[in-house]
>>> print(open('target.pdb').read())   # PDB, C-alpha atoms
ATOM      1  CA  MET P   1      27.381 -17.524  -6.199
ATOM      2  CA  ALA P   2      24.255 -15.997  -7.750
ATOM      3  CA  TYR P   3      23.743 -16.269 -11.492
ATOM      4  CA  GLY P   4      21.533 -14.274 -13.827
ATOM      5  CA  LYS P   5      18.250 -15.879 -14.844
ATOM      6  CA  SER P   6      16.215 -15.565 -18.028
ATOM      7  CA  VAL P   7      12.421 -15.597 -17.594
ATOM      8  CA  ASN P   8      10.266 -15.504 -20.718
ATOM      9  CA  LEU P   9       6.825 -13.927 -20.301
ATOM     10  CA  PHE P  10       4.244 -14.570 -23.025
ATOM     11  CA  LEU P  11       1.174 -12.297 -22.922
ATOM     12  CA  VAL P  12      -1.288 -14.709 -24.492
ATOM     13  CA  ASN P  13      -3.915 -12.083 -25.275
ATOM     14  CA  GLY P  14      -1.469  -9.230 -25.773
ATOM     15  CA  LYS P  15      -2.339  -7.636 -22.421
ATOM     16  CA  ALA P  16      -0.349  -7.648 -19.178
ATOM     17  CA  ASP P  17      -3.491  -7.947 -17.039
ATOM     18  CA  SER P  18      -4.709 -11.047 -18.872
ATOM     19  CA  LEU P  19      -3.356 -14.589 -19.228
ATOM     20  CA  VAL P  20       0.447 -14.770 -18.912
ATOM     21  CA  ILE P  21       2.651 -17.831 -19.452
ATOM     22  CA  ALA P  22       6.072 -17.655 -17.762
ATOM     23  CA  GLU P  23       8.972 -19.978 -18.491
ATOM     24  CA  LEU P  24      12.439 -20.140 -16.967
ATOM     25  CA  LYS P  25      15.253 -21.155 -19.282
ATOM     26  CA  ASN P  26      16.350 -24.807 -18.884
ATOM     27  CA  TRP P  27      13.287 -25.671 -16.741
ATOM     28  CA  ASP P  28      10.504 -27.976 -17.908
ATOM     29  CA  ALA P  29       7.784 -26.256 -15.885
ATOM     30  CA  LYS P  30       5.423 -23.477 -16.876
ATOM     31  CA  ALA P  31       3.784 -20.850 -14.706
ATOM     32  CA  ILE P  32       0.350 -19.610 -15.710
ATOM     33  CA  ARG P  33      -0.930 -16.348 -14.206
ATOM     34  CA  ILE P  34      -4.632 -16.049 -14.886
ATOM     35  CA  PRO P  35      -7.296 -13.586 -13.709
ATOM     36  CA  ARG P  36     -10.215 -15.127 -11.879
ATOM     37  CA  ILE P  37     -12.681 -13.965 -14.534
ATOM     38  CA  GLU P  38     -10.789 -15.818 -17.293
ATOM     39  CA  VAL P  39     -10.607 -19.230 -15.600
ATOM     40  CA  PRO P  40     -13.944 -20.718 -16.816
ATOM     41  CA  SER P  41     -13.269 -19.919 -20.490
ATOM     42  CA  CYS P  42      -9.565 -20.834 -20.535
ATOM     43  CA  ASP P  43      -8.815 -23.978 -22.517
ATOM     44  CA  ARG P  44      -5.028 -23.995 -22.185
ATOM     45  CA  ALA P  45      -3.710 -27.551 -21.840
ATOM     46  CA  GLU P  46      -1.104 -26.392 -19.291
ATOM     47  CA  LEU P  47      -3.870 -25.371 -16.894
ATOM     48  CA  GLN P  48      -5.557 -28.770 -17.042
ATOM     49  CA  GLN P  49      -2.588 -30.702 -15.691
ATOM     50  CA  GLN P  50      -1.430 -31.683 -12.226
ATOM     51  CA  GLY P  51       0.224 -28.856 -10.377
ATOM     52  CA  VAL P  52       0.519 -26.350  -7.553
ATOM     53  CA  TYR P  53      -1.331 -23.026  -7.481
ATOM     54  CA  PHE P  54      -1.338 -19.733  -5.567
ATOM     55  CA  LEU P  55      -4.558 -17.722  -5.173
ATOM     56  CA  ILE P  56      -3.688 -14.042  -4.663
ATOM     57  CA  CYS P  57      -6.022 -12.038  -2.427
ATOM     58  CA  PHE P  58      -5.978  -8.329  -1.524
ATOM     59  CA  ASP P  59      -7.871  -6.552   1.243
ATOM     60  CA  PRO P  60      -8.905  -3.101  -0.102
ATOM     61  CA  ASN P  61      -9.516  -1.753   3.418
ATOM     62  CA  THR P  62      -6.194  -2.631   5.057
ATOM     63  CA  GLY P  63      -3.954  -3.136   2.043
ATOM     64  CA  ASP P  64      -2.978  -6.557   3.379
ATOM     65  CA  ARG P  65      -2.215  -9.356   0.934
ATOM     66  CA  SER P  66      -2.973 -13.020   1.468
ATOM     67  CA  VAL P  67      -2.444 -16.222  -0.468
ATOM     68  CA  TYR P  68      -4.009 -19.662  -0.652
ATOM     69  CA  ILE P  69      -1.530 -22.369  -1.662
ATOM     70  CA  GLY P  70      -2.950 -25.609  -3.019
ATOM     71  CA  GLU P  71      -2.340 -28.607  -5.270
ATOM     72  CA  ALA P  72      -4.597 -30.435  -7.695
ATOM     73  CA  ASP P  73      -4.750 -33.240 -10.232
ATOM     74  CA  ASN P  74      -6.393 -30.791 -12.645
ATOM     75  CA  VAL P  75      -5.602 -27.197 -11.729
ATOM     76  CA  LYS P  76      -8.389 -25.576 -13.776
ATOM     77  CA  SER P  77     -11.040 -27.834 -12.230
ATOM     78  CA  ARG P  78      -9.774 -26.960  -8.748
ATOM     79  CA  LEU P  79      -9.839 -23.231  -9.476
ATOM     80  CA  ILE P  80     -13.445 -23.517 -10.627
ATOM     81  CA  GLN P  81     -14.262 -25.359  -7.383
ATOM     82  CA  HIS P  82     -12.850 -22.386  -5.452
ATOM     83  CA  ILE P  83     -15.004 -19.973  -7.484
ATOM     84  CA  GLN P  84     -18.130 -22.054  -6.871
ATOM     85  CA  ALA P  85     -17.332 -22.418  -3.167
ATOM     86  CA  TYR P  86     -17.143 -18.630  -2.787
ATOM     87  CA  LYS P  87     -20.472 -18.159  -4.565
ATOM     88  CA  ALA P  88     -22.014 -20.730  -2.217
ATOM     89  CA  ASP P  89     -20.557 -18.928   0.853
ATOM     90  CA  LYS P  90     -18.344 -21.926   1.628
ATOM     91  CA  GLU P  91     -15.175 -19.804   1.276
ATOM     92  CA  ASP P  92     -14.975 -16.262   2.603
ATOM     93  CA  TYR P  93     -11.872 -15.073   0.727
ATOM     94  CA  TYR P  94     -12.021 -13.550  -2.737
ATOM     95  CA  TRP P  95      -9.015 -13.993  -5.007
ATOM     96  CA  ASN P  96      -8.396 -11.828  -8.050
ATOM     97  CA  SER P  97      -5.794 -13.932  -9.842
ATOM     98  CA  ALA P  98      -4.062 -17.293  -9.645
ATOM     99  CA  ILE P  99      -0.497 -18.333 -10.418
ATOM    100  CA  CYS P 100      -0.263 -22.009 -11.303
ATOM    101  CA  PHE P 101       2.751 -24.266 -11.876
ATOM    102  CA  THR P 102       2.567 -27.410 -13.988
ATOM    103  CA  ALA P 103       5.255 -29.661 -15.488
ATOM    104  CA  PRO P 104       5.529 -33.080 -17.166
ATOM    105  CA  SER P 105       7.893 -34.212 -14.406
ATOM    106  CA  LEU P 106       5.372 -33.660 -11.600
ATOM    107  CA  ASN P 107       3.311 -36.402  -9.966
ATOM    108  CA  LYS P 108       0.967 -36.514  -6.977
ATOM    109  CA  THR P 109       3.766 -37.092  -4.473
ATOM    110  CA  PHE P 110       5.794 -34.217  -5.869
ATOM    111  CA  VAL P 111       2.974 -31.663  -5.884
ATOM    112  CA  ARG P 112       2.023 -32.537  -2.314
ATOM    113  CA  TYR P 113       5.636 -32.094  -1.240
ATOM    114  CA  ILE P 114       5.871 -28.761  -3.087
ATOM    115  CA  GLU P 115       2.583 -27.516  -1.655
ATOM    116  CA  ASN P 116       3.632 -28.315   1.918
ATOM    117  CA  LYS P 117       7.109 -26.810   1.489
ATOM    118  CA  CYS P 118       5.695 -23.607  -0.050
ATOM    119  CA  PHE P 119       3.145 -23.416   2.769
ATOM    120  CA  ASP P 120       5.942 -23.648   5.350
ATOM    121  CA  ILE P 121       8.038 -21.006   3.568
ATOM    122  CA  ALA P 122       5.103 -18.597   3.218
ATOM    123  CA  LYS P 123       4.262 -18.938   6.919
ATOM    124  CA  ARG P 124       7.889 -18.394   7.906
ATOM    125  CA  VAL P 125       8.635 -15.336   5.760
ATOM    126  CA  ASN P 126       5.246 -13.848   6.699
ATOM    127  CA  ARG P 127       4.882 -11.488   3.747
ATOM    128  CA  TYR P 128       1.321 -12.535   2.966
ATOM    129  CA  GLY P 129      -1.365 -13.932   5.176
ATOM    130  CA  VAL P 130      -1.644 -17.675   4.476
ATOM    131  CA  LEU P 131      -5.210 -18.917   3.962
ATOM    132  CA  THR P 132      -4.368 -22.606   3.516
ATOM    133  CA  GLN P 133      -5.533 -24.556   6.553
ATOM    134  CA  GLN P 134      -3.684 -27.848   6.118
ATOM    135  CA  THR P 135      -1.328 -29.672   3.770
ATOM    136  CA  TYR P 136       0.130 -33.160   3.396
ATOM    137  CA  SER P 137       3.035 -32.697   5.791
ATOM    138  CA  ASN P 138       4.054 -36.370   5.930
ATOM    139  CA  THR P 139       4.627 -37.004   2.239
ATOM    140  CA  ILE P 140       7.175 -39.787   1.787
ATOM    141  CA  ILE P 141       9.761 -38.828  -0.822
ATOM    142  CA  SER P 142      13.277 -40.102  -1.567
ATOM    143  CA  GLU P 143      16.321 -37.969  -0.819
ATOM    144  CA  ALA P 144      17.078 -37.584  -4.534
ATOM    145  CA  ASP P 145      13.510 -36.546  -5.361
ATOM    146  CA  GLN P 146      13.483 -34.137  -2.437
ATOM    147  CA  ALA P 147      16.604 -32.426  -3.781
ATOM    148  CA  ALA P 148      14.995 -32.164  -7.227
ATOM    149  CA  MET P 149      11.774 -30.705  -5.809
ATOM    150  CA  ASP P 150      13.692 -28.226  -3.624
ATOM    151  CA  GLU P 151      15.379 -26.990  -6.796
ATOM    152  CA  PHE P 152      11.939 -26.831  -8.424
ATOM    153  CA  ILE P 153      10.754 -24.609  -5.564
ATOM    154  CA  ASP P 154      13.796 -22.348  -5.941
ATOM    155  CA  ASN P 155      12.796 -21.835  -9.574
ATOM    156  CA  MET P 156       9.198 -21.205  -8.529
ATOM    157  CA  GLN P 157      10.350 -18.407  -6.235
ATOM    158  CA  ILE P 158      12.142 -16.721  -9.123
ATOM    159  CA  VAL P 159       9.159 -16.942 -11.445
ATOM    160  CA  LEU P 160       6.690 -15.903  -8.731
ATOM    161  CA  GLY P 161       8.741 -12.751  -8.173
ATOM    162  CA  ALA P 162       8.796 -12.036 -11.907
ATOM    163  CA  LEU P 163       4.993 -12.309 -11.893
ATOM    164  CA  GLY P 164       4.660  -9.879  -8.983
ATOM    165  CA  CYS P 165       4.089 -12.305  -6.107
ATOM    166  CA  GLU P 166       6.553 -12.212  -3.201
ATOM    167  CA  ALA P 167       4.745 -14.712  -0.974
ATOM    168  CA  LEU P 168       7.878 -16.885  -0.643
ATOM    169  CA  GLU P 169      10.455 -14.071  -0.370
ATOM    170  CA  PRO P 170      11.926 -13.067   3.034
ATOM    171  CA  LEU P 171      11.161  -9.468   4.071
ATOM    172  CA  ASN P 172      14.825  -8.640   4.511
ATOM    173  CA  ALA P 173      16.368 -10.722   1.752
ATOM    174  CA  ALA P 174      20.062 -10.162   1.073
ATOM    175  CA  SER P 175      20.711  -7.255  -1.274
ATOM    176  CA  ALA P 176      22.064  -7.877  -4.746
ATOM    177  CA  ASP P 177      24.387  -4.871  -4.507
ATOM    178  CA  GLY P 178      26.579  -6.443  -1.816
ATOM    179  CA  LYS P 179      25.634  -4.150   1.069
ATOM    180  CA  SER P 180      25.530  -5.796   4.489
ATOM    181  CA  ASP P 181      22.437  -5.795   6.674
ATOM    182  CA  ALA P 182      24.116  -3.340   9.036
ATOM    183  CA  ASP P 183      24.533  -0.825   6.205
ATOM    184  CA  ARG P 184      20.783  -0.781   5.652
ATOM    185  CA  ARG P 185      19.588  -0.776   9.255
ATOM    186  CA  PHE P 186      18.256   2.313  10.989
ATOM    187  CA  THR P 187      16.893   3.182  14.430
ATOM    188  CA  LEU P 188      13.914   5.373  15.337
ATOM    189  CA  THR P 189      13.767   6.813  18.871
ATOM    190  CA  MET P 190      11.145   9.467  19.474
ATOM    191  CA  GLY P 191       7.925   9.915  21.426
ATOM    192  CA  GLY P 192       8.527   6.808  23.509
ATOM    193  CA  VAL P 193       9.131   4.758  20.381
ATOM    194  CA  LYS P 194      12.194   2.603  19.908
ATOM    195  CA  ALA P 195      12.475   0.587  16.740
ATOM    196  CA  VAL P 196      14.987  -0.890  14.336
ATOM    197  CA  GLY P 197      14.250  -1.099  10.632
ATOM    198  CA  GLU P 198      15.883  -1.860   7.326
ATOM    199  CA  ALA P 199      15.653  -0.371   3.845
ATOM    200  CA  THR P 200      14.832  -3.109   1.330
ATOM    201  CA  ALA P 201      14.016  -3.392  -2.357
ATOM    202  CA  ASP P 202      10.295  -3.463  -1.472
ATOM    203  CA  GLY P 203      10.149  -0.593   1.000
ATOM    204  CA  PHE P 204      11.053  -0.463   4.689
ATOM    205  CA  VAL P 205      10.861  -3.312   7.221
ATOM    206  CA  VAL P 206      10.310  -2.677  10.938
ATOM    207  CA  PHE P 207      11.746  -5.550  12.924
ATOM    208  CA  LYS P 208       9.977  -7.554  15.596
ATOM    209  CA  GLY P 209      10.256  -6.066  19.104
ATOM    210  CA  ALA P 210       9.673  -2.408  18.187
ATOM    211  CA  THR P 211       7.844  -0.385  20.836
ATOM    212  CA  ILE P 212       5.042   1.838  19.556
ATOM    213  CA  ASN P 213       2.891   4.720  20.748
ATOM    214  CA  PRO P 214      -0.567   3.193  21.357
ATOM    215  CA  LYS P 215      -2.398   6.449  20.590
ATOM    216  CA  THR P 216      -3.354   7.451  17.047
ATOM    217  CA  ASN P 217      -3.587  11.144  16.132
ATOM    218  CA  THR P 218      -6.384  11.116  13.571
ATOM    219  CA  LYS P 219      -5.894  14.829  12.851
ATOM    220  CA  SER P 220      -2.311  14.238  11.757
ATOM    221  CA  LEU P 221      -2.584  10.911   9.937
ATOM    222  CA  ASN P 222      -4.732  10.528   6.850
ATOM    223  CA  LYS P 223      -7.887   8.481   7.344
ATOM    224  CA  ASN P 224      -6.682   5.303   5.615
ATOM    225  CA  ALA P 225      -3.379   5.289   7.497
ATOM    226  CA  ALA P 226      -5.171   5.817  10.824
ATOM    227  CA  VAL P 227      -7.649   2.999  10.162
ATOM    228  CA  ARG P 228      -4.887   0.617   9.094
ATOM    229  CA  ARG P 229      -2.771   1.532  12.141
ATOM    230  CA  ASP P 230      -5.619   0.853  14.579
ATOM    231  CA  ALA P 231      -6.348  -2.445  12.825
ATOM    232  CA  MET P 232      -2.728  -3.549  13.054
ATOM    233  CA  ILE P 233      -2.500  -2.628  16.739
ATOM    234  CA  ALA P 234      -5.637  -4.698  17.387
ATOM    235  CA  SER P 235      -4.205  -7.652  15.443
ATOM    236  CA  ASP P 236      -1.699 -10.261  16.581
ATOM    237  CA  LYS P 237       1.071  -8.219  14.949
ATOM    238  CA  VAL P 238       1.196  -6.086  18.115
ATOM    239  CA  ASP P 239       1.068  -7.191  21.734
ATOM    240  CA  ASN P 240       1.374  -4.829  24.697
ATOM    241  CA  ASN P 241       2.487  -2.013  22.368
ATOM    242  CA  THR P 242       5.308  -4.127  20.949
ATOM    243  CA  THR P 243       5.461  -5.608  17.462
ATOM    244  CA  THR P 244       5.462  -9.391  17.446
ATOM    245  CA  GLU P 245       6.751  -9.867  13.891
ATOM    246  CA  ASP P 246       8.663  -8.096  11.138
ATOM    247  CA  ILE P 247       6.332  -5.710   9.261
ATOM    248  CA  LEU P 248       6.877  -4.350   5.753
ATOM    249  CA  PHE P 249       5.855  -0.767   4.935
ATOM    250  CA  THR P 250       5.859   1.032   1.613
ATOM    251  CA  SER P 251       8.278   3.727   2.815
ATOM    252  CA  PRO P 252      10.340   4.901   5.829
ATOM    253  CA  SER P 253       7.709   7.578   6.528
ATOM    254  CA  ALA P 254       4.856   5.044   6.495
ATOM    255  CA  ALA P 255       6.825   2.959   9.001
ATOM    256  CA  ALA P 256       7.519   5.978  11.232
ATOM    257  CA  ASP P 257       3.892   7.144  11.086
ATOM    258  CA  PHE P 258       2.726   3.705  12.231
ATOM    259  CA  LEU P 259       5.161   3.646  15.148
ATOM    260  CA  VAL P 260       4.594   7.149  16.538
ATOM    261  CA  GLY P 261       0.897   7.513  15.650
ATOM    262  CA  TYR P 262       1.180  10.811  13.804
ATOM    263  CA  SER P 263       2.730  12.126  10.621
ATOM    264  CA  VAL P 264       6.524  12.486  10.703
ATOM    265  CA  SER P 265       9.367  12.464   8.212
ATOM    266  CA  GLY P 266      10.848   9.003   8.002
ATOM    267  CA  PRO P 267      13.970  10.071   6.078
ATOM    268  CA  ALA P 268      14.743  12.679   8.748
ATOM    269  CA  ASN P 269      14.114  10.492  11.810
ATOM    270  CA  TRP P 270      15.438   7.049  10.905
ATOM    271  CA  LYS P 271      19.174   7.106  11.686
ATOM    272  CA  ASP P 272      21.969   4.627  11.118
ATOM    273  CA  LYS P 273      24.532   3.424  13.688
ATOM    274  CA  LYS P 274      26.656   6.547  13.079
ATOM    275  CA  GLY P 275      23.714   8.876  13.713
ATOM    276  CA  THR P 276      23.326   9.787  10.045
ATOM    277  CA  ALA P 277      19.733  10.375   8.975
ATOM    278  CA  LEU P 278      18.382   8.294   6.104
ATOM    279  CA  LYS P 279      17.826  11.477   4.058
ATOM    280  CA  ASP P 280      21.558  12.203   4.262
ATOM    281  CA  ARG P 281      22.621   8.796   3.001
ATOM    282  CA  THR P 282      23.449   9.028  -0.699
ATOM    283  CA  ASP P 283      23.800   5.260  -1.173
ATOM    284  CA  ILE P 284      20.207   4.297  -0.266
TER     285      ILE P 284
END
>>> encode(input="target.pdb", output="structure tokens")
Amino acid sequence: MAYGKSVNLFLVNGKADSLVIAELKNWDAKAIRIPRIEVPSCDRAELQQQGVYFLICFDPNTGDRSVYIGEADNVKSRLIQHIQAYKADKEDYYWNSAICFTAPSLNKTFVRYIENKCFDIAKRVNRYGVLTQQTYSNTIISEADQAAMDEFIDNMQIVLGALGCEALEPLNAASADGKSDADRRFTLTMGGVKAVGEATADGFVVFKGATINPKTNTKSLNKNAAVRRDAMIASDKVDNNTTTEDILFTSPSAAADFLVGYSVSGPANWKDKKGTALKDRTDI
């Protein structure tokens, strides 16, 4: 049974795009979301403790998001190392903000366990590209401590979502309104395309195994959509004109445009198991 949660967000400087401290009721941890440009001057004690951090990256050309998940004895010092490494061309990814988790109950064993578990979850759900290359996958931890840290990670997922990061959330997570997956699933069959997708809280997911039209009509699609489509087809997300993983789009039309290669109405062409078009469904 799911219960409501209370997350307190404190805007330290009175601005939503600046330093934010997030706390979950009855949890001893704190989450600190901090812009890259504020890290060197930040003297918050919470940021200078042992913890786990997420570096949020965004590709302005493709719209793709990526995340680096790490752990450190002193989180602020580690963030500064990342900044210096980028300036020295030792890291090729640029992150705009970091979300860091620290708590009095954490120790080195715990943060290594959390880092590895979050890495595994992020790779599995595949919402963001994962930039982390390796973690401590063989951390020895007791069964009781493992249970406690798994609960810690559950709380992290809640707070991460509240701070706008869905790196650990499945693409087709169960809906809070009680609708089954089948109620939200639709099929697109046109122009040689056959795909199954699902309406979610974040947009529209096209499931792995969808067949696509390999040709892009640049006169029909806008320039950015055409460039992103060609890039995705050339990536490992598509093989032999078939999607190899679940892919999240901002809307049913964006999903349909990607699949057929030209501009079409998603609400009119995605249809449920009864043949009802998405635009005619009043419950979604």
>>> closest_residue(input="target.pdb", among="P:Val264, P:Ala45, P:Tyr68, P:Glu115", to="P:Gln133", atoms="all atoms listed in the file")
P:Tyr68
>>> resolve_selection(input="target.pdb", expression="the PyMOL selection byres ((chain P and resi 76) around 9)", output="list of chain:residue names")
P:Val39, P:Pro40, P:Cys42, P:Asp43, P:Leu47, P:Gln48, P:Gln49, P:Ala72, P:Asn74, P:Val75, P:Ser77, P:Arg78, P:Leu79, P:Ile80, P:Gln81
>>> residues_around(input="target.pdb", residues="P:Trp27", least_positions_apart="2", cutoff="12 Å", atoms="only C-alpha atoms", output="list of chain:residue names")
P:Lys5, P:Ser6, P:Val7, P:Asn8, P:Ala22, P:Glu23, P:Leu24, P:Lys25, P:Ala29, P:Lys30, P:Ala31, P:Phe101, P:Thr102, P:Ala103, P:Pro104, P:Ser105, P:Ala148, P:Glu151, P:Phe152, P:Ile153, P:Asp154, P:Asn155, P:Met156, P:Ile158, P:Val159
>>> atom_distance(input="target.pdb", atom1="atom CA of P:Pro214", atom2="atom CA of P:Ala231")
11.7 Å
>>> residues_around(input="target.pdb", residues="P:Val206", least_positions_apart="4", cutoff="9 Å", atoms="all atoms listed in the file", output="list in words")
Ala195, Val196, Gly197, Glu198, Ala210, Thr243, Glu245, Asp246, Ile247, Leu248, Phe249 and Ala255 of chain P
>>> closest_residue(input="target.pdb", among="P:Tyr94, P:Tyr86, P:Phe258, P:Phe186", to="P:Asn224", atoms="all atoms listed in the file")
P:Phe258
>>> resolve_selection(input="target.pdb", expression="the PyMOL selection byres ((chain P and resi 97) around 12)", output="number ranges by chain")
P: 17-20, 32-39, 53-58, 66-68, 79, 82-83, 94-96, 98-100, 163-165
>>> residues_around(input="target.pdb", residues="P:Thr216", least_positions_apart="4", cutoff="8 Å", atoms="all atoms listed in the file", output="list in words")
Leu221, Ala226, Arg229, Asp230, Val260, Gly261 and Tyr262 of chain P
>>> write_last_selection(input="target.pdb", atoms="C-alpha atoms", output="mmCIF file, in the coordinates of the input")
data_model
loop_
_atom_site.group_PDB
_atom_site.id
_atom_site.type_symbol
_atom_site.label_atom_id
_atom_site.label_comp_id
_atom_site.auth_asym_id
_atom_site.auth_seq_id
_atom_site.Cartn_x
_atom_site.Cartn_y
_atom_site.Cartn_z
ATOM 1 C CA LEU P 221 -2.584 10.911 9.937
ATOM 2 C CA ALA P 226 -5.171 5.817 10.824
ATOM 3 C CA ARG P 229 -2.771 1.532 12.141
ATOM 4 C CA ASP P 230 -5.619 0.853 14.579
ATOM 5 C CA VAL P 260 4.594 7.149 16.538
ATOM 6 C CA GLY P 261 0.897 7.513 15.650
ATOM 7 C CA TYR P 262 1.180 10.811 13.804
#
>>> atom_distance(input="target.pdb", atom1="atom CA of P:Pro267", atom2="atom CA of P:Ser253")
6.8 Å
>>> axis_aligned_box(input="target.pdb", around="stretch 222-236 of chain P", padding_each_side="3 Å", output="JSON")
{"center_x": -4.8, "center_y": 0.1, "center_z": 11.5, "size_x": 12.2, "size_y": 26.8, "size_z": 17.8}
>>> closest_residue(input="target.pdb", among="P:Asp150, P:Glu169, P:Asp280, P:Asp257", to="P:Asn213", atoms="only C-alpha atoms")
P:Asp257
>>> atom_distance(input="target.pdb", atom1="atom CA of P:Gln146", atom2="atom CA of P:Gly51")
16.3 Å
>>> resolve_selection(input="target.pdb", expression="the PyMOL selection byres ((chain P and resi 140) around 9)", output="PyMOL selection string")
chain P and resi 109+113+138-139+141-142
>>> closest_residue(input="target.pdb", among="P:Leu106, P:Ala16, P:Leu9, P:Ile284", to="P:Val52", atoms="only C-alpha atoms")
P:Leu106
>>> residues_around(input="target.pdb", residues="P:Thr187", least_positions_apart="2", cutoff="8 Å", atoms="only C-alpha atoms", output="JSON, numbers by chain")
{"P": [185, 189, 194, 195, 196, 197, 270, 271, 272, 273]}
>>> write_last_selection(input="target.pdb", atoms="C-alpha atoms", output="PDB file, in the coordinates of the input")
ATOM      1  CA  ARG P 185      19.588  -0.776   9.255  1.00  0.00           C
ATOM      2  CA  THR P 189      13.767   6.813  18.871  1.00  0.00           C
ATOM      3  CA  LYS P 194      12.194   2.603  19.908  1.00  0.00           C
ATOM      4  CA  ALA P 195      12.475   0.587  16.740  1.00  0.00           C
ATOM      5  CA  VAL P 196      14.987  -0.890  14.336  1.00  0.00           C
ATOM      6  CA  GLY P 197      14.250  -1.099  10.632  1.00  0.00           C
ATOM      7  CA  TRP P 270      15.438   7.049  10.905  1.00  0.00           C
ATOM      8  CA  LYS P 271      19.174   7.106  11.686  1.00  0.00           C
ATOM      9  CA  ASP P 272      21.969   4.627  11.118  1.00  0.00           C
ATOM     10  CA  LYS P 273      24.532   3.424  13.688  1.00  0.00           C
TER      11      LYS P 273
END
>>> residues_near_point(input="target.pdb", point="(-8.0, -2.5, 11.8)", cutoff="12 Å", atoms="only C-alpha atoms", output="list in words")
Asp59, Pro60, Asn61, Thr62, Gly63, Asp64, Lys223, Asn224, Ala225, Ala226, Val227, Arg228, Arg229, Asp230, Ala231, Met232, Ile233, Ala234, Ser235, Asp236, Lys237 and Val238 of chain P
>>> closest_residue(input="target.pdb", among="P:Ala199, P:Gly192, P:Arg112, P:Ala122", to="P:Lys215", atoms="only C-alpha atoms")
P:Gly192
>>> decode(input="target.pdb", residues="stretch 190-201 of chain P", atoms="N, CA, C and O atoms", output="PDB file, in the first residue's frame")
ATOM      1  N   MET P 190       1.052   2.141 -39.315  1.00  0.00           N
ATOM      2  CA  MET P 190       0.901   2.963 -40.517  1.00  0.00           C
ATOM      3  C   MET P 190       2.256   3.105 -41.193  1.00  0.00           C
ATOM      4  O   MET P 190       3.299   3.091 -40.531  1.00  0.00           O
ATOM      5  N   GLY P 191       2.256   3.182 -42.510  1.00  0.00           N
ATOM      6  CA  GLY P 191       3.491   3.396 -43.253  1.00  0.00           C
ATOM      7  C   GLY P 191       4.566   2.374 -42.991  1.00  0.00           C
ATOM      8  O   GLY P 191       5.746   2.704 -42.965  1.00  0.00           O
ATOM      9  N   GLY P 192       4.183   1.121 -42.759  1.00  0.00           N
ATOM     10  CA  GLY P 192       5.158   0.085 -42.468  1.00  0.00           C
ATOM     11  C   GLY P 192       5.608   0.059 -41.022  1.00  0.00           C
ATOM     12  O   GLY P 192       6.452  -0.760 -40.644  1.00  0.00           O
ATOM     13  N   VAL P 193       5.051   0.940 -40.216  1.00  0.00           N
ATOM     14  CA  VAL P 193       5.411   1.017 -38.804  1.00  0.00           C
ATOM     15  C   VAL P 193       4.446   0.179 -37.975  1.00  0.00           C
ATOM     16  O   VAL P 193       3.240   0.178 -38.207  1.00  0.00           O
ATOM     17  N   LYS P 194       5.001  -0.525 -37.006  1.00  0.00           N
ATOM     18  CA  LYS P 194       4.175  -1.229 -36.033  1.00  0.00           C
ATOM     19  C   LYS P 194       4.820  -1.049 -34.670  1.00  0.00           C
ATOM     20  O   LYS P 194       5.955  -1.460 -34.444  1.00  0.00           O
ATOM     21  N   ALA P 195       4.084  -0.411 -33.774  1.00  0.00           N
ATOM     22  CA  ALA P 195       4.658  -0.091 -32.476  1.00  0.00           C
ATOM     23  C   ALA P 195       3.585  -0.124 -31.397  1.00  0.00           C
ATOM     24  O   ALA P 195       2.405   0.091 -31.657  1.00  0.00           O
ATOM     25  N   VAL P 196       4.034  -0.393 -30.191  1.00  0.00           N
ATOM     26  CA  VAL P 196       3.168  -0.350 -29.015  1.00  0.00           C
ATOM     27  C   VAL P 196       3.740   0.681 -28.061  1.00  0.00           C
ATOM     28  O   VAL P 196       4.952   0.734 -27.835  1.00  0.00           O
ATOM     29  N   GLY P 197       2.862   1.533 -27.523  1.00  0.00           N
ATOM     30  CA  GLY P 197       3.314   2.563 -26.607  1.00  0.00           C
ATOM     31  C   GLY P 197       2.356   2.731 -25.448  1.00  0.00           C
ATOM     32  O   GLY P 197       1.278   2.122 -25.414  1.00  0.00           O
ATOM     33  N   GLU P 198       2.769   3.549 -24.501  1.00  0.00           N
ATOM     34  CA  GLU P 198       1.962   3.738 -23.295  1.00  0.00           C
ATOM     35  C   GLU P 198       2.002   5.187 -22.847  1.00  0.00           C
ATOM     36  O   GLU P 198       3.062   5.817 -22.815  1.00  0.00           O
ATOM     37  N   ALA P 199       0.828   5.724 -22.515  1.00  0.00           N
ATOM     38  CA  ALA P 199       0.739   7.071 -21.957  1.00  0.00           C
ATOM     39  C   ALA P 199       1.180   7.030 -20.502  1.00  0.00           C
ATOM     40  O   ALA P 199       0.721   6.187 -19.736  1.00  0.00           O
ATOM     41  N   THR P 200       2.117   7.902 -20.133  1.00  0.00           N
ATOM     42  CA  THR P 200       2.621   7.939 -18.763  1.00  0.00           C
ATOM     43  C   THR P 200       2.536   9.362 -18.225  1.00  0.00           C
ATOM     44  O   THR P 200       2.198  10.308 -18.948  1.00  0.00           O
ATOM     45  N   ALA P 201       2.895   9.520 -16.965  1.00  0.00           N
ATOM     46  CA  ALA P 201       2.875  10.844 -16.348  1.00  0.00           C
ATOM     47  C   ALA P 201       3.902  11.780 -16.978  1.00  0.00           C
ATOM     48  O   ALA P 201       3.774  12.999 -16.898  1.00  0.00           O
TER      49      ALA P 201
END
